[in-house]
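For reference, model_5.pdb is printed below; it contains PDB, C-alpha atoms, pLDDT in the B column.
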ATOM      1  CA  MET A 887     -24.648 139.179 -42.465  1.00 48.00           C
ATOM      2  CA  ALA A 888     -24.650 135.835 -44.316  1.00 62.00           C
ATOM      3  CA  ILE A 889     -23.660 135.940 -47.959  1.00 74.00           C
ATOM      4  CA  GLU A 890     -26.504 135.423 -50.420  1.00 83.00           C
ATOM      5  CA  ILE A 891     -26.444 133.006 -53.347  1.00 88.00           C
ATOM      6  CA  ILE A 892     -26.670 135.821 -55.895  1.00 89.00           C
ATOM      7  CA  GLN A 893     -23.448 137.270 -54.451  1.00 89.00           C
ATOM      8  CA  LEU A 894     -21.754 133.893 -54.264  1.00 90.00           C
ATOM      9  CA  MET A 895     -22.543 132.721 -57.797  1.00 93.00           C
ATOM     10  CA  PRO A 896     -19.973 134.788 -59.775  1.00 93.00           C
ATOM     11  CA  HIS A 897     -17.181 133.738 -57.405  1.00 92.00           C
ATOM     12  CA  ILE A 898     -18.073 130.049 -57.779  1.00 94.00           C
ATOM     13  CA  GLU A 899     -18.318 130.461 -61.550  1.00 95.00           C
ATOM     14  CA  ALA A 900     -14.843 132.043 -61.628  1.00 94.00           C
ATOM     15  CA  LEU A 901     -13.337 129.212 -59.558  1.00 94.00           C
ATOM     16  CA  VAL A 902     -14.890 126.449 -61.666  1.00 94.00           C
ATOM     17  CA  PHE A 903     -13.903 128.236 -64.879  1.00 94.00           C
ATOM     18  CA  ALA A 904     -10.277 128.685 -63.768  1.00 93.00           C
ATOM     19  CA  SER A 905      -9.791 125.134 -62.485  1.00 90.00           C
ATOM     20  CA  GLU A 906      -8.047 122.550 -64.668  1.00 84.00           C
ATOM     21  CA  ARG A 907     -10.021 119.738 -63.049  1.00 83.00           C
ATOM     22  CA  PRO A 908     -13.589 119.255 -61.823  1.00 86.00           C
ATOM     23  CA  LEU A 909     -14.113 120.972 -58.448  1.00 90.00           C
ATOM     24  CA  THR A 910     -16.074 119.269 -55.673  1.00 90.00           C
ATOM     25  CA  LEU A 911     -18.124 121.028 -53.030  1.00 91.00           C
ATOM     26  CA  MET A 912     -15.446 120.018 -50.506  1.00 91.00           C
ATOM     27  CA  ASP A 913     -12.835 121.762 -52.702  1.00 91.00           C
ATOM     28  CA  LEU A 914     -14.904 124.930 -52.770  1.00 92.00           C
ATOM     29  CA  MET A 915     -15.954 125.176 -49.123  1.00 91.00           C
ATOM     30  CA  PRO A 916     -12.581 126.283 -47.618  1.00 91.00           C
ATOM     31  CA  ILE A 917     -11.903 128.677 -50.515  1.00 91.00           C
ATOM     32  CA  VAL A 918     -15.293 130.338 -50.188  1.00 88.00           C
ATOM     33  CA  ALA A 919     -15.001 130.422 -46.376  1.00 87.00           C
ATOM     34  CA  GLU A 920     -11.662 132.236 -46.645  1.00 88.00           C
ATOM     35  CA  MET A 921     -13.050 134.640 -49.218  1.00 85.00           C
ATOM     36  CA  THR A 922     -16.202 135.500 -47.259  1.00 81.00           C
ATOM     37  CA  GLU A 923     -14.580 135.167 -43.810  1.00 81.00           C
ATOM     38  CA  GLU A 924     -17.492 133.003 -42.662  1.00 80.00           C
ATOM     39  CA  ALA A 925     -18.439 129.336 -42.834  1.00 80.00           C
ATOM     40  CA  VAL A 926     -20.459 128.318 -45.887  1.00 83.00           C
ATOM     41  CA  SER A 927     -22.651 125.230 -45.691  1.00 86.00           C
ATOM     42  CA  GLU A 928     -22.598 122.399 -48.219  1.00 88.00           C
ATOM     43  CA  ALA A 929     -26.347 122.915 -48.695  1.00 90.00           C
ATOM     44  CA  LEU A 930     -25.783 126.549 -49.706  1.00 90.00           C
ATOM     45  CA  LEU A 931     -23.081 125.557 -52.204  1.00 92.00           C
ATOM     46  CA  SER A 932     -25.330 122.827 -53.631  1.00 92.00           C
ATOM     47  CA  GLU A 933     -28.125 125.334 -54.171  1.00 93.00           C
ATOM     48  CA  CYS A 934     -25.633 127.762 -55.707  1.00 94.00           C
ATOM     49  CA  MET A 935     -24.440 125.070 -58.136  1.00 94.00           C
ATOM     50  CA  LEU A 936     -28.035 124.270 -59.077  1.00 94.00           C
ATOM     51  CA  GLN A 937     -28.750 127.910 -59.896  1.00 95.00           C
ATOM     52  CA  ILE A 938     -25.520 128.235 -61.924  1.00 95.00           C
ATOM     53  CA  LYS A 939     -26.462 125.090 -63.848  1.00 95.00           C
ATOM     54  CA  GLN A 940     -29.939 126.438 -64.592  1.00 95.00           C
ATOM     55  CA  LYS A 941     -28.414 129.742 -65.702  1.00 95.00           C
ATOM     56  CA  TYR A 942     -26.106 128.156 -68.285  1.00 95.00           C
ATOM     57  CA  ASP A 943     -28.645 125.592 -69.485  1.00 94.00           C
ATOM     58  CA  ASN A 944     -30.181 128.520 -71.346  1.00 93.00           C
ATOM     59  CA  SER A 945     -29.649 128.126 -75.112  1.00 91.00           C
ATOM     60  CA  HIS A 946     -28.023 131.572 -75.148  1.00 91.00           C
ATOM     61  CA  PHE A 947     -24.802 130.048 -73.741  1.00 95.00           C
ATOM     62  CA  PRO A 948     -22.513 127.672 -75.720  1.00 95.00           C
ATOM     63  CA  PHE A 949     -21.295 125.941 -72.553  1.00 93.00           C
ATOM     64  CA  GLN A 950     -22.871 124.475 -69.422  1.00 93.00           C
ATOM     65  CA  LEU A 951     -22.053 123.446 -65.869  1.00 93.00           C
ATOM     66  CA  VAL A 952     -21.720 119.666 -65.693  1.00 90.00           C
ATOM     67  CA  GLU A 953     -21.220 117.355 -62.728  1.00 86.00           C
ATOM     68  CA  THR A 954     -18.550 115.000 -63.979  1.00 80.00           C
ATOM     69  CA  GLY A 955     -15.411 113.226 -62.822  1.00 71.00           C
ATOM     70  CA  GLY A 956     -16.490 113.591 -59.203  1.00 76.00           C
ATOM     71  CA  GLY A 957     -16.927 117.382 -59.339  1.00 87.00           C
ATOM     72  CA  PHE A 958     -18.230 120.344 -61.329  1.00 91.00           C
ATOM     73  CA  GLN A 959     -16.793 121.700 -64.581  1.00 90.00           C
ATOM     74  CA  PHE A 960     -17.784 123.994 -67.430  1.00 92.00           C
ATOM     75  CA  LEU A 961     -18.006 122.049 -70.701  1.00 88.00           C
ATOM     76  CA  THR A 962     -18.908 123.060 -74.238  1.00 89.00           C
ATOM     77  CA  LYS A 963     -22.400 122.002 -75.237  1.00 89.00           C
ATOM     78  CA  LYS A 964     -22.640 119.165 -77.743  1.00 85.00           C
ATOM     79  CA  ALA A 965     -23.935 121.453 -80.501  1.00 89.00           C
ATOM     80  CA  PHE A 966     -20.592 123.294 -80.494  1.00 87.00           C
ATOM     81  CA  HIS A 967     -18.194 120.304 -80.376  1.00 80.00           C
ATOM     82  CA  ASN A 968     -17.424 120.485 -84.107  1.00 82.00           C
ATOM     83  CA  THR A 969     -16.679 124.195 -83.759  1.00 85.00           C
ATOM     84  CA  VAL A 970     -14.151 123.597 -80.993  1.00 80.00           C
ATOM     85  CA  VAL A 971     -12.494 120.771 -82.956  1.00 76.00           C
ATOM     86  CA  LYS A 972     -11.743 123.265 -85.753  1.00 79.00           C
ATOM     87  CA  LEU A 973      -9.680 125.261 -83.262  1.00 76.00           C
ATOM     88  CA  ASN A 974      -7.714 122.415 -81.689  1.00 64.00           C
ATOM     89  CA  GLY A 975      -7.944 119.769 -84.394  1.00 61.00           C
ATOM     90  CA  ASN A 976      -7.859 116.213 -83.074  1.00 59.00           C
ATOM     91  CA  LYS A 977      -4.590 116.557 -81.174  1.00 52.00           C
ATOM     92  CA  HIS A 978      -6.368 116.225 -77.842  1.00 51.00           C
ATOM     93  CA  ILE A 979      -8.457 113.230 -78.872  1.00 54.00           C
ATOM     94  CA  LYS A 980      -7.034 110.099 -77.305  1.00 59.00           C
ATOM     95  CA  LYS A 981      -7.386 107.353 -79.889  1.00 75.00           C
ATOM     96  CA  LEU A 982      -7.301 103.769 -78.649  1.00 81.00           C
ATOM     97  CA  SER A 983      -6.651 100.525 -80.470  1.00 86.00           C
ATOM     98  CA  THR A 984      -9.276  97.784 -80.440  1.00 89.00           C
ATOM     99  CA  ALA A 985      -7.168  95.822 -77.959  1.00 91.00           C
ATOM    100  CA  ALA A 986      -6.897  98.826 -75.630  1.00 91.00           C
ATOM    101  CA  MET A 987     -10.642  99.484 -75.898  1.00 90.00           C
ATOM    102  CA  GLU A 988     -11.386  95.852 -75.003  1.00 92.00           C
ATOM    103  CA  THR A 989      -9.019  96.024 -72.031  1.00 93.00           C
ATOM    104  CA  LEU A 990     -10.495  99.344 -70.870  1.00 92.00           C
ATOM    105  CA  SER A 991     -14.029  97.945 -71.121  1.00 91.00           C
ATOM    106  CA  ILE A 992     -13.096  94.916 -69.015  1.00 93.00           C
ATOM    107  CA  ILE A 993     -11.495  97.119 -66.363  1.00 94.00           C
ATOM    108  CA  ALA A 994     -14.491  99.479 -66.339  1.00 91.00           C
ATOM    109  CA  TYR A 995     -16.980  96.683 -65.706  1.00 91.00           C
ATOM    110  CA  LYS A 996     -14.863  94.336 -63.568  1.00 92.00           C
ATOM    111  CA  GLN A 997     -12.787  96.751 -61.481  1.00 91.00           C
ATOM    112  CA  PRO A 998     -10.813  96.352 -59.344  1.00 91.00           C
ATOM    113  CA  ILE A 999      -9.106  93.703 -61.463  1.00 94.00           C
ATOM    114  CA  THR A1000      -5.626  92.207 -61.953  1.00 94.00           C
ATOM    115  CA  LYS A1001      -3.712  91.742 -65.208  1.00 94.00           C
ATOM    116  CA  SER A1002      -4.088  87.961 -65.078  1.00 93.00           C
ATOM    117  CA  GLU A1003      -7.854  88.305 -64.663  1.00 93.00           C
ATOM    118  CA  ILE A1004      -7.990  90.639 -67.676  1.00 94.00           C
ATOM    119  CA  GLU A1005      -5.929  88.190 -69.740  1.00 93.00           C
ATOM    120  CA  TYR A1006      -8.182  85.301 -68.679  1.00 92.00           C
ATOM    121  CA  ILE A1007     -11.212  87.149 -70.062  1.00 92.00           C
ATOM    122  CA  ARG A1008      -9.513  88.401 -73.258  1.00 91.00           C
ATOM    123  CA  GLY A1009      -7.464  85.262 -73.895  1.00 90.00           C
ATOM    124  CA  VAL A1010      -4.332  87.247 -74.852  1.00 91.00           C
ATOM    125  CA  SER A1011      -1.610  89.284 -73.161  1.00 90.00           C
ATOM    126  CA  ALA A1012      -2.690  92.679 -71.807  1.00 92.00           C
ATOM    127  CA  ASP A1013       0.775  94.156 -71.121  1.00 92.00           C
ATOM    128  CA  TYR A1014       0.850  96.623 -74.032  1.00 91.00           C
ATOM    129  CA  SER A1015      -2.776  97.712 -73.618  1.00 92.00           C
ATOM    130  CA  LEU A1016      -2.330  98.346 -69.901  1.00 93.00           C
ATOM    131  CA  GLN A1017       0.794 100.405 -70.579  1.00 91.00           C
ATOM    132  CA  LYS A1018      -1.037 102.589 -73.111  1.00 89.00           C
ATOM    133  CA  LEU A1019      -4.065 103.062 -70.863  1.00 91.00           C
ATOM    134  CA  LEU A1020      -1.792 104.103 -67.991  1.00 91.00           C
ATOM    135  CA  GLU A1021       0.057 106.560 -70.281  1.00 87.00           C
ATOM    136  CA  LYS A1022      -3.252 108.107 -71.348  1.00 86.00           C
ATOM    137  CA  GLU A1023      -4.300 108.300 -67.671  1.00 86.00           C
ATOM    138  CA  LEU A1024      -7.507 106.367 -68.336  1.00 90.00           C
ATOM    139  CA  ILE A1025      -6.708 103.770 -65.668  1.00 92.00           C
ATOM    140  CA  VAL A1026      -4.798 103.787 -62.385  1.00 93.00           C
ATOM    141  CA  ILE A1027      -3.101 101.230 -60.165  1.00 93.00           C
ATOM    142  CA  THR A1028      -5.074 101.109 -56.930  1.00 92.00           C
ATOM    143  CA  GLY A1029      -2.881  98.674 -54.983  1.00 92.00           C
ATOM    144  CA  ARG A1030      -2.156  94.960 -54.830  1.00 91.00           C
ATOM    145  CA  LYS A1031      -4.350  91.901 -54.369  1.00 90.00           C
ATOM    146  CA  GLU A1032      -2.952  90.805 -51.031  1.00 89.00           C
ATOM    147  CA  ASP A1033      -4.767  87.460 -50.842  1.00 88.00           C
ATOM    148  CA  VAL A1034      -3.261  86.140 -54.112  1.00 85.00           C
ATOM    149  CA  VAL A1035       0.191  84.596 -54.581  1.00 86.00           C
ATOM    150  CA  GLY A1036       2.621  87.227 -55.851  1.00 85.00           C
ATOM    151  CA  LYS A1037       0.294  90.049 -54.753  1.00 90.00           C
ATOM    152  CA  PRO A1038      -0.435  91.265 -58.327  1.00 92.00           C
ATOM    153  CA  LEU A1039      -1.234  94.891 -59.098  1.00 93.00           C
ATOM    154  CA  VAL A1040      -4.899  95.884 -59.191  1.00 94.00           C
ATOM    155  CA  TYR A1041      -6.268  98.227 -61.876  1.00 95.00           C
ATOM    156  CA  ALA A1042      -9.298 100.521 -61.977  1.00 94.00           C
ATOM    157  CA  THR A1043     -10.566 103.368 -64.143  1.00 92.00           C
ATOM    158  CA  SER A1044      -9.355 106.895 -63.356  1.00 89.00           C
ATOM    159  CA  LYS A1045     -11.139 110.191 -62.740  1.00 83.00           C
ATOM    160  CA  SER A1046     -10.040 111.202 -66.248  1.00 81.00           C
ATOM    161  CA  PHE A1047     -11.923 108.205 -67.655  1.00 86.00           C
ATOM    162  CA  MET A1048     -15.078 109.251 -65.822  1.00 82.00           C
ATOM    163  CA  ASP A1049     -14.547 112.832 -66.931  1.00 76.00           C
ATOM    164  CA  TYR A1050     -14.399 111.803 -70.617  1.00 75.00           C
ATOM    165  CA  LEU A1051     -17.654 109.873 -70.248  1.00 76.00           C
ATOM    166  CA  GLY A1052     -19.344 112.572 -68.200  1.00 72.00           C
ATOM    167  CA  ILE A1053     -20.044 110.296 -65.232  1.00 77.00           C
ATOM    168  CA  ASN A1054     -19.166 110.466 -61.543  1.00 75.00           C
ATOM    169  CA  SER A1055     -18.707 106.788 -60.707  1.00 78.00           C
ATOM    170  CA  PRO A1056     -18.452 103.386 -62.452  1.00 79.00           C
ATOM    171  CA  GLU A1057     -21.979 102.653 -61.212  1.00 81.00           C
ATOM    172  CA  GLN A1058     -23.239 105.152 -63.813  1.00 79.00           C
ATOM    173  CA  LEU A1059     -21.879 103.096 -66.723  1.00 83.00           C
ATOM    174  CA  PRO A1060     -24.630 101.606 -68.901  1.00 80.00           C
ATOM    175  CA  ARG A1061     -25.548  98.071 -67.910  1.00 76.00           C
ATOM    176  CA  LEU A1062     -24.299  95.451 -70.351  1.00 66.00           C
ATOM    177  CA  LYS A1063     -27.768  94.020 -70.843  1.00 64.00           C
ATOM    178  CA  ASP A1064     -28.958  97.462 -71.955  1.00 60.00           C
ATOM    179  CA  ILE A1065     -26.362  97.818 -74.719  1.00 55.00           C
ATOM    180  CA  ALA A1066     -25.905  94.256 -75.965  1.00 56.00           C
ATOM    181  CA  ASP A1067     -28.344  91.391 -76.155  1.00 51.00           C
ATOM    182  CA  VAL A1068     -25.663  88.717 -75.840  1.00 48.00           C
ATOM    183  CA  ASP A1069     -24.595  86.201 -73.257  1.00 52.00           C
ATOM    184  CA  ILE A1070     -21.054  86.521 -71.942  1.00 50.00           C
ATOM    185  CA  VAL A1071     -19.377  83.150 -72.476  1.00 49.00           C
ATOM    186  CA  MET A1072     -16.394  82.322 -70.282  1.00 52.00           C
ATOM    187  CA  PRO A1073     -13.684  79.819 -71.370  1.00 51.00           C
ATOM    188  CA  THR A1074     -14.394  76.180 -70.539  1.00 50.00           C
ATOM    189  CA  LEU A1075     -12.002  74.472 -68.169  1.00 51.00           C
ATOM    190  CA  GLY A1076     -10.187  71.458 -69.622  1.00 49.00           C
ATOM    191  CA  ALA A1077     -11.632  69.153 -66.961  1.00 51.00           C
ATOM    192  CA  ASP A1078     -15.133  70.133 -68.026  1.00 53.00           C
ATOM    193  CA  ALA A1079     -14.521  69.737 -71.746  1.00 47.00           C
ATOM    194  CA  THR A1080     -14.789  65.935 -71.996  1.00 49.00           C
ATOM    195  CA  PRO A1081     -17.129  64.961 -74.874  1.00 50.00           C
ATOM    196  CA  THR A1082     -20.466  63.598 -73.686  1.00 50.00           C
ATOM    197  CA  ASP A1083     -20.004  60.228 -75.448  1.00 50.00           C
ATOM    198  CA  LEU A1084     -16.732  59.643 -73.560  1.00 48.00           C
ATOM    199  CA  GLN A1085     -18.114  60.345 -70.102  1.00 50.00           C
ATOM    200  CA  PRO A1086     -18.680  57.210 -67.976  1.00 50.00           C
ATOM    201  CA  GLU A1087     -22.280  56.151 -67.431  1.00 51.00           C
ATOM    202  CA  LEU A1088     -23.599  56.476 -63.908  1.00 48.00           C
TER     203      LEU A1088
END

As structure tokens - that is how I would like this structure written.
Amino acid sequence: MAIEIIQLMPHIEALVFASERPLTLMDLMPIVAEMTEEAVSEALLSECMLQIKQKYDNSHFPFQLVETGGGFQFLTKKAFHNTVVKLNGNKHIKKLSTAAMETLSIIAYKQPITKSEIEYIRGVSADYSLQKLLEKELIVITGRKEDVVGKPLVYATSKSFMDYLGINSPEQLPRLKDIADVDIVMPTLGADATPTDLQPEL
């Protein structure tokens, strides 16, 4: 007899609770299949996740099931963040310098991107910022740009970055026009910077 959602829910809750990273449906399917000794469909797991989410959305619980970082994870509700900070202090808060924040923002919106492209936008070296962002596991090296001389490394945001923001993909980042009413001005090339009064008449 096929397992029912009400029977499956506590097992899924236990797995998500015990995991150190967000669990995807693909992560859960073989575990549940081994546990129940029968195949479990993705549709059944999706419905199970929906019911678990609805269960913990109740104000009675201080945490909730959130789809983040490409999978599902239990997270403390916003109303209890200050309470949790009193337990752990700020030792787990990853503070970034302004330079690192600027570099991370460029990578988030322009990924995949090379160091030279980041430096072109910022106008300064990005070596130190990239090193710090890699150490904090907020970005990853995804490969090399094969069609460019020297085949430079290519950077992108990590799953940890998405996890911190509570999103599942870079496409869920807020659009720049929604958060800043400014035009992005790129540097002017020297060849295009000739004063108007010095340009030859046609």

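Checking A:Thr1000, A:Gln937, A:Gln1017, A:Thr954 one by one against Ala986 (chain A), counting all atoms listed in the file, you find the shortest gap at A:Gln1017.
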
Report as a PyMOL selection string all protein, DNA and RNA residues lying within 12 Å of Lys1018 (chain A), evaluated on all atoms listed in the file, omitting residues in the same chain fewer than 6 positions from it. chain A and resi 980-983+985-987+989-990+1012+1024-1026

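Residues in contact range of Met935 (chain A), defined as at most 12 Å between only C-alpha atoms, with sequence neighbours fewer than 6 positions away removed, read Ile891, Ile892, Leu894, Met895, Pro896, His897, Ile898, Glu899, Leu901, Val902, Leu909, Thr910, Leu911, Leu914, Glu928, Ala929, Lys941, Tyr942, Gln950, Leu951, Val952, Glu953, Gly957, Phe958, Gln959 and Phe960 of chain A.
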
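CA of Pro908 (chain A) is positioned 19.4 Å from CA of Ser927 (chain A).
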
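Among the candidates A:Gly955, A:Leu931, A:Glu1023, A:Thr962, the residue lying nearest to Arg907 (chain A) is A:Gly955 (atoms considered: all atoms listed in the file).
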
Find the spatial neighbours of Ala994 (chain A), counting only C-alpha atoms, within a cut-off of 7 Å - ignore same-chain residues fewer than 5 positions away - and output them as a list of chain:residue names.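 The neighbour list is A:Ala1042, A:Thr1043, A:Pro1056.
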
Quote the spacing between CA of Thr969 (chain A) and CA of Ser991 (chain A) in Å to one decimal place. 29.3 Å

Under the PyMOL selection byres ((chain A and resi 947) around 12), which residues of this model are included? Write them out as a PDB file with C-alpha atoms, in the coordinates of the input.
ATOM      1  CA  ILE A 938     -25.520 128.235 -61.924  1.00 95.00           C
ATOM      2  CA  LYS A 939     -26.462 125.090 -63.848  1.00 95.00           C
ATOM      3  CA  GLN A 940     -29.939 126.438 -64.592  1.00 95.00           C
ATOM      4  CA  LYS A 941     -28.414 129.742 -65.702  1.00 95.00           C
ATOM      5  CA  TYR A 942     -26.106 128.156 -68.285  1.00 95.00           C
ATOM      6  CA  ASP A 943     -28.645 125.592 -69.485  1.00 94.00           C
ATOM      7  CA  ASN A 944     -30.181 128.520 -71.346  1.00 93.00           C
ATOM      8  CA  SER A 945     -29.649 128.126 -75.112  1.00 91.00           C
ATOM      9  CA  HIS A 946     -28.023 131.572 -75.148  1.00 91.00           C
ATOM     10  CA  PRO A 948     -22.513 127.672 -75.720  1.00 95.00           C
ATOM     11  CA  PHE A 949     -21.295 125.941 -72.553  1.00 93.00           C
ATOM     12  CA  GLN A 950     -22.871 124.475 -69.422  1.00 93.00           C
ATOM     13  CA  LEU A 951     -22.053 123.446 -65.869  1.00 93.00           C
ATOM     14  CA  PHE A 960     -17.784 123.994 -67.430  1.00 92.00           C
ATOM     15  CA  LEU A 961     -18.006 122.049 -70.701  1.00 88.00           C
ATOM     16  CA  THR A 962     -18.908 123.060 -74.238  1.00 89.00           C
ATOM     17  CA  LYS A 963     -22.400 122.002 -75.237  1.00 89.00           C
ATOM     18  CA  LYS A 964     -22.640 119.165 -77.743  1.00 85.00           C
ATOM     19  CA  ALA A 965     -23.935 121.453 -80.501  1.00 89.00           C
ATOM     20  CA  PHE A 966     -20.592 123.294 -80.494  1.00 87.00           C
TER      21      PHE A 966
END

Using all atoms of region 1027-1044 of chain A listed in the file and a margin of 8 Å per side, can you give the axis-aligned box centre and edge lengths in Å to one decimal, as AutoDock Vina command-line options?
--center_x -4.0 --center_y 95.7 --center_z -57.5 --size_x 29.2 --size_y 38.3 --size_z 29.3
